[in-house]
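Peer 1: Sharing a structure with you now.
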Amino acid sequence: PLEGDAAVRINYFGPPSQPYSSGTFRVISFVDVLRGRVDPSIWRGGLVLIGTLGATGLADDYWTPMSDQGHKMAGVEIHANVAATLFSTRYLKEAPLPLDILLILSIAALMALSVVNLGPPAAWIAPCLVLGGYVAGNAGALYTQGMLLPISTPMLAGLVALSGAAALRLTSEQQSARALRAITR
């Protein structure tokens, strides 16, 4: 699952963990382990990462691309997310090119049809609804399939729709002008 620059896409789908709370990962105090307050069987057969989580004075917390609730994640938790991504084999993947092209043409057709067939207020609202549907579909594809749809798709679709609507209007105006010249001759 490597990109061209040798970076793996990590799934950051859970909230940052807190000690002794139900977060993305189980967090246990190392002091409690040393003092025998924790049953060692809880990590048997699992992967144990040791690090600081929320320690005052240590700058080992970072903003992550999709960190839930907008909080920073500790370095050890970022490593845990990488390990969970690798073990899950549910990697994020880019949408195939034919799907991108189909989406661009479909959105462009919907936008062009709405602009050509609707009045000014509805022609403004319809593309907003189409783009809202794209955003919802994008979120759904990311959540269910791990598929990343490009953010440029609506922009390219808008460009195609605008070009199509301009070409249609230019053609109709030229036909009207020719018909008018034919009548006046």
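Quick note on naming: the chains in the structure tokens go A, B, ... in the order shown, residues restart at 1 in each chain, and ligands are numbered from 1 in order of appearance.
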Excluding same-chain residues fewer than 5 positions from stretch 43-57 of chain A, what lies within 12 Å of it counting only C-alpha atoms, as a VMD selection string?

Peer 2: chain A and resid 16 to 20 25 to 31 33 38 62 71 to 84 87

Peer 1: Select from stretch 41-166 of chain A everything DSSP, run on the backbone, classes as alpha helix (DSSP H), then give the selection as a PyMOL selection string.

Peer 2: chain A and resi 75-88+97-117+120-145+152-166

Peer 1: With a distance cut-off of 9 Å and only C-alpha atoms, select the neighbouring residues of stretch 95-106 of chain A, excluding the residue or stretch itself and same-chain residues fewer than 2 positions from it, and output the selection as a list of chain:residue names.

Peer 2: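 Final neighbour list, sorted by chain and number: A:Lys93, A:Ala108, A:Ala109, A:Leu110, A:Met111, A:Tyr134, A:Met147, A:Leu148, A:Leu149, A:Pro150, A:Thr153, A:Pro154, A:Met155, A:Leu156, A:Ala157, A:Gly158, A:Val160, A:Ala161.
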
Peer 1: Using DSSP on the backbone coordinates, identify the residues of chain A assigned to strand (DSSP E or B); present them as a list in words.

Peer 2: Leu2, Val8, Asp61, Tyr62, Met73, Ala74, Lys93, Glu94, Met147 and Leu148 of chain A

Peer 1: Convert the current residue selection to file output with C-alpha atoms, as an mmCIF file, in the first residue's frame.

Peer 2:
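File produced: result-v3.cif:
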```cif
data_model
loop_
_atom_site.group_PDB
_atom_site.id
_atom_site.type_symbol
_atom_site.label_atom_id
_atom_site.label_comp_id
_atom_site.auth_asym_id
_atom_site.auth_seq_id
_atom_site.Cartn_x
_atom_site.Cartn_y
_atom_site.Cartn_z
ATOM 1 C CA LEU A 2 2.776 2.441 -0.788
ATOM 2 C CA VAL A 8 1.590 4.376 3.628
ATOM 3 C CA ASP A 61 1.715 14.726 20.332
ATOM 4 C CA TYR A 62 0.810 15.642 16.778
ATOM 5 C CA MET A 73 -2.549 12.182 19.002
ATOM 6 C CA ALA A 74 0.455 10.964 20.937
ATOM 7 C CA LYS A 93 -7.156 3.179 -2.093
ATOM 8 C CA GLU A 94 -7.694 5.633 -4.894
ATOM 9 C CA MET A 147 -11.858 4.536 -1.395
ATOM 10 C CA LEU A 148 -10.521 8.053 -1.827
#
```
